[in-house]
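Here the structure is laid out as structure tokens; the discussion comes afterwards.
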Amino acid sequence: MDNEVQSSAADSSPATDKEAKKLSKKERRQLRLKEQGKLDGAKSPAVGGASQGPQGGTSAAPETQGATKSKAELKAARRAKQEADREKKKLAGGSPAVAGGGSASVSDKQPKPRLSKSVSDSTASKKEPPRVSDDLQQDDPKVQKRRAKKLERHQIPQRVEHERKVSLFSHLDQYERQVSVTRGLSFASGGIHPAILRLGLQYAEGIICGANARCIAMLHAFKQVIADYTTPPQKELSRDLESKIKPYISFLNVCRPKSVSMGNAIKHLKLQISHIPQDMTDAKAKEHLYECIDNYVKEKILLAAVAISKDAIKKINDGDVILIYTCSSLIRQVLCDAHRAGKKFRVVIVDSRPKMEGIEAVRRLMKHGIKCTYILINAVSYMMQEVSKVFLGAHALLANGYVMSRVGSSVIATVAKAYNVPVLICCETYKFSERVQTDSFVSNELGDPDDLVKTGKPTQYLSNWRDIQSLTLLNLVYDVTPPDFISMVITEIGMLPCTSVPVVLRVKSVDS
Amino acid sequence: MNKEDTLNYFQQCMEENADISSAVAAIHTLIEHLKLSPAGTLAGLRESLKDCISWLMETDNSVTSISSGCELFLRFITLTALDQMNFQESKNILVERGKMYLQKVAGSRDKIAALGEPFIRDGCSILTHSHSRVVLKTLLEAAANKKRFNIYITESCPDRSGEKMARKLREAGIPVVVILDAAAGYIMEKVDLVMVGAEGVVESGGIINKIGTYQLATCAKIANKPFYVVVESFKFVRFIYPLNQQDVPNEYKYHASTLKSFSDLSHAHPLIDYTPPTYITLLFTDLGVLTPSAISDELIKLYC
């Protein structure tokens with residue numbers, strides 16, 4: 001019917017074949033009249049009666065009027081037909097709401113789905129797990145409260161919050177040296193084990209640093225905890241010990257955020273604890289856990305380092321100039337092994353403030369008789385011209401192939417890429433993480449800003465930096481390097497491109 | 001089978017059937033060696049196979065593909081459970097599995113041709129390098145599917161294998177232009193895609209191939225032309241991950257005879273070069289169409 005109306009409107013426009021047009025016009029008018037008759041019959045008397053009156057009277061009007069009238073009529077007819085159809089459907093459906101008017105029933109229907117939808121929405125949002133971990137939302141008062149509660153439950157004193165943070169990093173915790181970490185702690189039974197206490201302080205002071213060292217020290221401390229543990233009567237070791245360890249971990253986390261390596265080790269330890277059968281005696285269970293921890297350290301860290309060093313030595317040729325950054329224990333081992341294997345090479349050690357760990361690497365490498373050059377990171381682009389390979393350690397390897405490492409590694413890798421020098425990362429697979437990160441802002445560690453203030457100069461320029469309102473200091477600990485800048489990752493299972501991290505993770509998860 | 005017999009058999013295999021790659025001929029030789037081996041234990045058998053592989057590596061053939069093919073063969077046949085059987089039965093099973101592996105390898109080229117063919121569009125021009133049986137197969141498959149295209153091929157010194165390939169293509173009625181190796185940059189703007197074979201695919205996802213491939217790849221990268229590699233999966237090499245050309249092991253770069261005769265290798269011409277994964281768009285293999293980063297994943301799956 002719509003087509004009919006449109007074409008009759010188009011008829012008024014000039015056309016080539018007039019006679020044909022006239023004929024068609026007449027025919028159409030007749031058709032229209034017939035249809036009107038039919039529709040009139042179909043219309044319900046209540047609706048149709050009122051609207052039909054005037055139209056019926058003008059049906060014999062001149063042509064131009066006929067077109068407009070027929071439009072109105074058609075509209076009315078269509079409406080009537082629709083309504084009739086709707087009523088038929090309702091009758092067929094047998095719904096009780098038929099008694100109400102058509103419009104009323106429609107309005108009844110509509111809000112219902114809306115309501116149910118909004119209900120389902122709210123339940124969905126409730127069920128959805130929090131997408132951002134609490135560690136990354138320290139600027140949210142709710143999260144702060146939640147964390148304070150947790151620490152209170154575990155009876156661990158909280159750190160004093162510092163307001164002076166770079167606003168871009170306000171979602172992260174800033175760790176400053178302070179006495180308050182252990183001040184409120186008592187040595188009463190049920191408190192924190194002294195081994196853990198000592199470890200936490202060593203972390204906080206930076207005496208134990210480096211992913212491997214921290215992990216090994218932590219596992220060693222846990223061994224002591226397990227040694228001093230006795231299962232209370234009417235409790236299971238597998239459950240009680242795990243709940244005992246939990247506050248220790250949150251204490252260590254208060255001292256310094258745990259590294260990926262520690263996270264993976266804790267996961268492994270908890271798994272082993274939960275697998276201890278109920279009927280195993282304490283002594284046996286302890287023996288088993290000692291063995292697990294020792295095996296983990298041996299296989300995942302110490303033997304892995306041996307395997308990595310074997311592979312890495314193959315990549316060191318005579319006459320190489322190798323650039324390293326700061327003091328990774330693994331890289332040091334690789335270089336010493338290569339030197340022992342008789343390779344002739346020179347090492348450039350790049351160092352940076354504030355930790356200045358490179359100088360320690362120089363000391364240790366010199367002791368082995370390796371030729372060394374010591375520079376600071378601001379000279380790296382000059383030095384890179386004569387370097388043939390860059391060896392870097394890693395804090396963690398992320399699932400998207402990004403490498404998380406000591407801040408500054410990204411700079412080194414970028415410069416190396418610019419000079420077409422291959423960058424090799426040495427990393428044990430226990431440091432592989434399922435996390436994905438593409439920048440250093442979202443998740444990072446903020447070190448003590450006071451470390452930046454200390455310079456070698458006699459006058460301390462920024463000793464009163466807290467009083468200068470417009471000044472904030474940022475001491476980032478890690479950064480991430482994209483896989484484009486990295487030629488190869490050497491792990492204990494072989495030499496891989498960065499992009500294979502997910503496959504290794506998958507293979508590992510199948511094994512365990 | 002002593003060393004001489006083994007090498008003769010290998011040579012015979014290569015001559016009898018010009019259409020098989022040296023890796024397949026090596027696998028034939030290994031199976032024969034397995035059958036005739038006098039070893040009385042499985043460990044002894046393995047040792048004698050390893051000896052055989054080292055002999056084959058000394059021939060003046062593509063060392064890369066022979067070593068990868070043999071390594072995968074060893075891995076494949078020894079993955080069976082040989083628990084409660086006597087030695088003769090176990091040996092028969094190994095030979096059976098060897099033949100199975102050979103069958104698998106034989107079918108791979110057709111699979112690759114079917115996978116790679118859709119990437120050749122009607123009316124395009126393709127640049128290729130040296131002589132590769134699997135590239136030839138893919139091109140013939142495309143021609144059989146009524147695609148019209150023309151080929152530019154480098155003459156590929158020092159052995160001029162490009163001319164051999166050009167002859168084969170002409171026989172199939174495909175228009176071919178042979179260009180100088182040095183004209184790769186000149187011709188790059190005219191071609192739509194570059195398609196090469198490979199002697200080996202290494203852990204990084206890069207390839208080892210006839211010298212001159214790397215320069216094609218760099219030119220293609222600059223000109224934004226896709227660089228496709230057509231290769232069978234028995235050429236995947238584990239434990240080789242070159243950082244640059246210098247880092248490729250010498251036994252891959254030079255013939256065994258060259259290594260012996262030259263005291264200073266800087267005067268010897270390398271036969272192959274290494275193309276890093278960043279220059280490769282896709283690899284067509286019998287495992288599917290892979291990106292370079294997927295190669296390492298496949299290798300980990302194959303060997304772990």
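In the structure tokens, chains take letters A, B, ... by order of appearance, with residues numbered from 1 within each chain and ligands from 1 in the order shown.
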Using only C-alpha atoms, find each residue of chain A with at least one atom at most 12 Å away from an atom of chain B; report its shortest atom-to-atom pair and that distance in Å (one decimal), sort the rows by chain and rising residue number, and return the result as CSV.
residue,atom,partner,partner_atom,distance
A:Asp311,CA,B:Phe239,CA,9.4
A:Ala312,CA,B:Tyr241,CA,11.3
A:Lys314,CA,B:Asp247,CA,9.6
A:Lys315,CA,B:Asp247,CA,7.6
A:Ile316,CA,B:Asp247,CA,9.5
A:Asn317,CA,B:Asp247,CA,8.8
A:Asp318,CA,B:Asp247,CA,11.9
A:Asp320,CA,B:Asp247,CA,11.8
A:Ser388,CA,B:Leu243,CA,10.6
A:Lys389,CA,B:Leu243,CA,9.3
A:Val390,CA,B:Leu243,CA,11.4
A:Asn400,CA,B:Ser293,CA,11.9
A:Gly401,CA,B:Ser293,CA,10.8
A:Asn420,CA,B:Asn244,CA,9.9
A:Val421,CA,B:Leu243,CA,9.2
A:Pro422,CA,B:Leu243,CA,6.4
A:Val423,CA,B:Leu243,CA,8.9
A:Leu424,CA,B:Leu243,CA,9.0
A:Pro483,CA,B:Ser293,CA,11.2
A:Asp484,CA,B:Thr278,CA,8.9
A:Phe485,CA,B:Thr278,CA,11.2
A:Ile486,CA,B:Leu243,CA,10.5
A:Ser487,CA,B:Leu243,CA,6.9
A:Met488,CA,B:Ser204,CA,7.8
A:Val489,CA,B:Ser204,CA,10.0
A:Ile490,CA,B:Tyr241,CA,10.2
A:Ile493,CA,B:Cys304,CA,8.9
A:Gly494,CA,B:Phe239,CA,7.1
A:Met495,CA,B:Tyr241,CA,6.8
A:Leu496,CA,B:Ser204,CA,6.5
A:Pro497,CA,B:Ser204,CA,5.6
A:Cys498,CA,B:Ser293,CA,8.9
A:Thr499,CA,B:Ser293,CA,6.3
A:Ser500,CA,B:Asp297,CA,6.1
A:Val501,CA,B:Asp297,CA,9.1
A:Pro502,CA,B:Asp297,CA,8.9
A:Val503,CA,B:Asp297,CA,6.0
A:Val504,CA,B:Ile300,CA,8.0
A:Leu505,CA,B:Asp297,CA,11.2
A:Arg506,CA,B:Lys301,CA,10.4
A:Val507,CA,B:Cys304,CA,8.2
A:Lys508,CA,B:Cys304,CA,10.5
A:Val510,CA,B:Cys304,CA,11.5
A:Asp511,CA,B:Cys304,CA,10.7
Using the selection just defined, write its residues with C-alpha atoms as a PDB file, in the first residue's frame.
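Contents of the output file part11.pdb:
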ATOM      1  CA  ASP A 311      73.970 -21.706  27.076  1.00  0.00           C
ATOM      2  CA  ALA A 312      75.106 -18.125  27.555  1.00  0.00           C
ATOM      3  CA  LYS A 314      78.142 -20.355  23.800  1.00  0.00           C
ATOM      4  CA  LYS A 315      77.060 -16.851  22.848  1.00  0.00           C
ATOM      5  CA  ILE A 316      80.224 -15.211  24.153  1.00  0.00           C
ATOM      6  CA  ASN A 317      83.001 -15.219  21.573  1.00  0.00           C
ATOM      7  CA  ASP A 318      86.612 -14.222  21.833  1.00  0.00           C
ATOM      8  CA  ASP A 320      83.552  -9.611  22.573  1.00  0.00           C
ATOM      9  CA  SER A 388      79.165  -6.243  20.750  1.00  0.00           C
ATOM     10  CA  LYS A 389      76.596  -7.738  23.125  1.00  0.00           C
ATOM     11  CA  VAL A 390      74.400  -6.567  25.966  1.00  0.00           C
ATOM     12  CA  ASN A 400      53.178 -10.522  26.561  1.00  0.00           C
ATOM     13  CA  GLY A 401      56.939 -10.839  26.225  1.00  0.00           C
ATOM     14  CA  ASN A 420      72.217  -2.656  16.293  1.00  0.00           C
ATOM     15  CA  VAL A 421      73.727  -4.468  19.261  1.00  0.00           C
ATOM     16  CA  PRO A 422      71.956  -7.692  20.286  1.00  0.00           C
ATOM     17  CA  VAL A 423      70.388  -7.666  23.762  1.00  0.00           C
ATOM     18  CA  LEU A 424      70.334 -10.961  25.650  1.00  0.00           C
ATOM     19  CA  PRO A 483      60.096  -7.408  23.168  1.00  0.00           C
ATOM     20  CA  ASP A 484      61.140  -5.505  20.011  1.00  0.00           C
ATOM     21  CA  PHE A 485      64.314  -4.423  21.753  1.00  0.00           C
ATOM     22  CA  ILE A 486      65.301  -7.872  22.946  1.00  0.00           C
ATOM     23  CA  SER A 487      67.032 -10.398  20.707  1.00  0.00           C
ATOM     24  CA  MET A 488      66.827 -13.421  22.946  1.00  0.00           C
ATOM     25  CA  VAL A 489      65.959 -14.756  26.368  1.00  0.00           C
ATOM     26  CA  ILE A 490      68.228 -17.463  27.770  1.00  0.00           C
ATOM     27  CA  ILE A 493      65.044 -24.759  28.954  1.00  0.00           C
ATOM     28  CA  GLY A 494      66.919 -23.139  26.112  1.00  0.00           C
ATOM     29  CA  MET A 495      67.212 -19.944  24.135  1.00  0.00           C
ATOM     30  CA  LEU A 496      63.856 -18.449  23.272  1.00  0.00           C
ATOM     31  CA  PRO A 497      62.420 -15.307  21.763  1.00  0.00           C
ATOM     32  CA  CYS A 498      60.542 -13.146  24.293  1.00  0.00           C
ATOM     33  CA  THR A 499      57.257 -13.922  22.642  1.00  0.00           C
ATOM     34  CA  SER A 500      57.405 -17.567  23.735  1.00  0.00           C
ATOM     35  CA  VAL A 501      56.729 -16.784  27.383  1.00  0.00           C
ATOM     36  CA  PRO A 502      53.065 -17.885  27.196  1.00  0.00           C
ATOM     37  CA  VAL A 503      54.055 -21.267  25.725  1.00  0.00           C
ATOM     38  CA  VAL A 504      56.543 -21.865  28.526  1.00  0.00           C
ATOM     39  CA  LEU A 505      53.887 -20.905  31.079  1.00  0.00           C
ATOM     40  CA  ARG A 506      51.438 -23.301  29.445  1.00  0.00           C
ATOM     41  CA  VAL A 507      53.942 -26.152  29.421  1.00  0.00           C
ATOM     42  CA  LYS A 508      54.766 -25.439  33.073  1.00  0.00           C
ATOM     43  CA  VAL A 510      50.573 -28.736  32.388  1.00  0.00           C
ATOM     44  CA  ASP A 511      53.561 -30.214  34.229  1.00  0.00           C
TER      45      ASP A 511
END
I need the residues of segment 19-174 of chain B that end up classed as strand (DSSP E) by DSSP on the backbone, written out as a compact mmCIF listing (two decimals) with C-alpha atoms, in the first residue's frame.
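The result, stored in result-v1.txt:
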# COMPACT_ATOMS: atom_id res chain seq x y z
CA CYS B 124 50.91 -10.43 -9.52
CA SER B 125 54.67 -10.58 -9.91
CA ILE B 126 56.80 -12.56 -7.52
CA LEU B 127 60.47 -12.32 -6.69
CA THR B 128 62.16 -15.52 -5.63
CA PHE B 149 51.67 -14.30 -12.66
CA ASN B 150 55.25 -13.65 -13.61
CA ILE B 151 58.41 -14.48 -11.75
CA TYR B 152 61.62 -12.59 -11.24
CA ILE B 153 64.37 -14.86 -10.07
CA THR B 154 67.89 -14.02 -8.96
Shell around Pro158 of chain B at 12 Å using only C-alpha atoms, local window under 2 positions removed, as a PDB file with C-alpha atoms, in the first residue's frame:
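Written file, part_9.pdb:
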ATOM      1  CA  SER B 130      67.750 -19.686  -5.763  1.00  0.00           C
ATOM      2  CA  THR B 154      67.887 -14.020  -8.961  1.00  0.00           C
ATOM      3  CA  GLU B 155      70.569 -16.051 -10.681  1.00  0.00           C
ATOM      4  CA  SER B 156      71.899 -16.969  -7.189  1.00  0.00           C
ATOM      5  CA  ARG B 160      73.667 -20.287 -10.379  1.00  0.00           C
ATOM      6  CA  SER B 161      70.850 -22.408  -9.052  1.00  0.00           C
ATOM      7  CA  GLY B 162      68.401 -19.676 -10.015  1.00  0.00           C
ATOM      8  CA  GLU B 163      68.877 -20.579 -13.675  1.00  0.00           C
ATOM      9  CA  LEU B 180      71.393 -10.406 -11.277  1.00  0.00           C
ATOM     10  CA  ASP B 181      71.825 -10.949  -7.559  1.00  0.00           C
ATOM     11  CA  LYS B 210      71.094 -19.618   0.400  1.00  0.00           C
ATOM     12  CA  ILE B 211      73.302 -16.553   0.555  1.00  0.00           C
ATOM     13  CA  GLY B 212      71.470 -13.489  -0.719  1.00  0.00           C
ATOM     14  CA  HIS B 269      82.590 -17.306   0.772  1.00  0.00           C
ATOM     15  CA  PRO B 270      79.737 -18.281   3.058  1.00  0.00           C
ATOM     16  CA  LEU B 271      77.034 -20.364   1.389  1.00  0.00           C
ATOM     17  CA  ILE B 272      74.126 -19.322   3.548  1.00  0.00           C
TER      18      ILE B 272
END
Check: Could you pull out all residues of segment 298-398 of chain A with a DSSP call of alpha helix (DSSP H) and give them as a PyMOL selection string?
Finding: chain A and resi 304-314+329-340+358-367+380-383
Notebook entry, point to check: Can you tell me, as JSON, numbers by chain, what residues are no more than 12 Å from segment 284-292 of chain A when counting only C-alpha atoms, ignoring any on the same chain fewer than 2 positions away?
Noted result: {"A": [219, 220, 221, 222, 223, 224, 225, 226, 227, 228, 229, 230, 231, 236, 237, 238, 241, 265, 266, 268, 269, 270, 271, 272, 273, 274, 275, 276, 277, 278, 279, 280, 281, 282, 294, 295, 296, 297, 298, 299, 300]}
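Taking atom CA of Asp139 of chain A and atom CA of Ser443 of chain A as endpoints, the distance between them is 13.4 Å.
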Margin query: Give me, as a VMD selection string, all polymer residues having an atom no more than 8 Å from Ser409 of chain A, counting only C-alpha atoms and skipping those fewer than 4 positions away in the same chain.
Written below: chain A and resid 325 392 405 413 479 to 481
Residues within 6 Å of segment 106-120 of chain B, only C-alpha atoms, excluding chain neighbours under 2 positions, as a PDB file with N, CA and C atoms, in the first residue's frame:
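And here's selection33.pdb as it stands now:
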ATOM      1  N   GLN B 103      56.826 -41.121   5.269  1.00  0.00           N
ATOM      2  CA  GLN B 103      55.554 -40.881   4.595  1.00  0.00           C
ATOM      3  C   GLN B 103      55.002 -39.504   4.958  1.00  0.00           C
ATOM      4  N   LYS B 104      55.106 -39.206   6.259  1.00  0.00           N
ATOM      5  CA  LYS B 104      54.609 -37.922   6.747  1.00  0.00           C
ATOM      6  C   LYS B 104      55.340 -36.784   6.048  1.00  0.00           C
ATOM      7  N   THR B 138      54.662 -24.833  -5.030  1.00  0.00           N
ATOM      8  CA  THR B 138      53.624 -23.853  -4.720  1.00  0.00           C
ATOM      9  C   THR B 138      53.268 -23.036  -5.971  1.00  0.00           C
ATOM     10  N   ALA B 142      49.729 -22.880  -8.062  1.00  0.00           N
ATOM     11  CA  ALA B 142      49.013 -21.646  -8.382  1.00  0.00           C
ATOM     12  C   ALA B 142      48.733 -21.576  -9.878  1.00  0.00           C
ATOM     13  N   THR B 285      54.057 -23.567   6.318  1.00  0.00           N
ATOM     14  CA  THR B 285      54.616 -24.872   6.665  1.00  0.00           C
ATOM     15  C   THR B 285      53.491 -25.896   6.644  1.00  0.00           C
ATOM     16  N   ASP B 286      53.866 -27.179   6.744  1.00  0.00           N
ATOM     17  CA  ASP B 286      52.814 -28.191   6.760  1.00  0.00           C
ATOM     18  C   ASP B 286      52.063 -28.209   8.087  1.00  0.00           C
TER      19      ASP B 286
END
For Met188 of chain B, list every protein, DNA or RNA residue within 10 Å, evaluated using only C-alpha atoms, and leave out those in the same chain fewer than 5 positions away; present the list as an mmCIF file with N, CA and C atoms, in the first residue's frame.
data_model
loop_
_atom_site.group_PDB
_atom_site.id
_atom_site.type_symbol
_atom_site.label_atom_id
_atom_site.label_comp_id
_atom_site.auth_asym_id
_atom_site.auth_seq_id
_atom_site.Cartn_x
_atom_site.Cartn_y
_atom_site.Cartn_z
ATOM 1 N N ILE B 126 56.178 -11.977 -8.708
ATOM 2 C CA ILE B 126 56.800 -12.556 -7.520
ATOM 3 C C ILE B 126 58.305 -12.587 -7.717
ATOM 4 N N LEU B 127 59.015 -12.200 -6.657
ATOM 5 C CA LEU B 127 60.472 -12.316 -6.686
ATOM 6 C C LEU B 127 60.859 -13.523 -5.858
ATOM 7 N N TYR B 152 60.250 -13.065 -11.127
ATOM 8 C CA TYR B 152 61.621 -12.589 -11.236
ATOM 9 C C TYR B 152 62.452 -13.493 -10.364
ATOM 10 N N ALA B 183 70.733 -7.013 -8.489
ATOM 11 C CA ALA B 183 69.603 -6.195 -8.940
ATOM 12 C C ALA B 183 68.385 -6.323 -8.038
ATOM 13 N N LEU B 193 55.267 -9.470 -4.151
ATOM 14 C CA LEU B 193 55.652 -10.231 -2.963
ATOM 15 C C LEU B 193 56.940 -10.993 -3.227
ATOM 16 N N VAL B 194 57.616 -11.337 -2.152
ATOM 17 C CA VAL B 194 58.839 -12.121 -2.249
ATOM 18 C C VAL B 194 58.544 -13.482 -1.626
ATOM 19 N N LEU B 216 67.492 -9.713 0.151
ATOM 20 C CA LEU B 216 66.128 -9.617 -0.383
ATOM 21 C C LEU B 216 65.166 -9.201 0.731
ATOM 22 N N CYS B 219 65.548 -5.514 1.668
ATOM 23 C CA CYS B 219 64.979 -4.682 0.597
ATOM 24 C C CYS B 219 63.458 -4.723 0.659
ATOM 25 N N ALA B 220 62.909 -5.920 0.863
ATOM 26 C CA ALA B 220 61.453 -6.073 0.902
ATOM 27 C C ALA B 220 60.874 -5.302 2.072
ATOM 28 N N ILE B 222 62.087 -2.577 3.472
ATOM 29 C CA ILE B 222 62.131 -1.151 3.185
ATOM 30 C C ILE B 222 61.017 -0.772 2.203
ATOM 31 N N ALA B 223 60.766 -1.667 1.229
ATOM 32 C CA ALA B 223 59.766 -1.366 0.211
ATOM 33 C C ALA B 223 58.357 -1.785 0.644
ATOM 34 N N ASN B 224 58.228 -2.260 1.856
ATOM 35 C CA ASN B 224 56.937 -2.722 2.378
ATOM 36 C C ASN B 224 56.288 -3.813 1.544
ATOM 37 N N LYS B 225 57.087 -4.737 1.071
ATOM 38 C CA LYS B 225 56.533 -5.876 0.326
ATOM 39 C C LYS B 225 56.519 -7.086 1.261
#
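One finds atom CA of Gly393 of chain A at 18.9 Å from atom CA of Val436 of chain A.
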Check: Could you work out how far atom CA of Ser440 of chain A lies from atom CA of Cys209 of chain A, giving the answer in Å with one decimal?
Finding: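 Atom-to-atom, atom CA of Cys209 of chain A to atom CA of Ser440 of chain A, that is 19.9 Å.
Comparing the minimum interatomic distances between Ala198 of chain B and each of B:Tyr252, B:Thr64, B:Thr258, B:Lys147, counting only C-alpha atoms, we find that B:Thr64 sits nearest.
Using only C-alpha atoms, the nearest neighbour of Thr455 of chain A within the list A:Leu365, A:Ile208, A:Leu474, A:Met356 is A:Met356.
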Item checked: Proximity to Ser381 of chain A - best of A:Lys417, A:His395, A:Arg346, A:Arg153, only C-alpha atoms ->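 Residue with the minimum atom-to-atom distance to Ser381 of chain A: A:Lys417.
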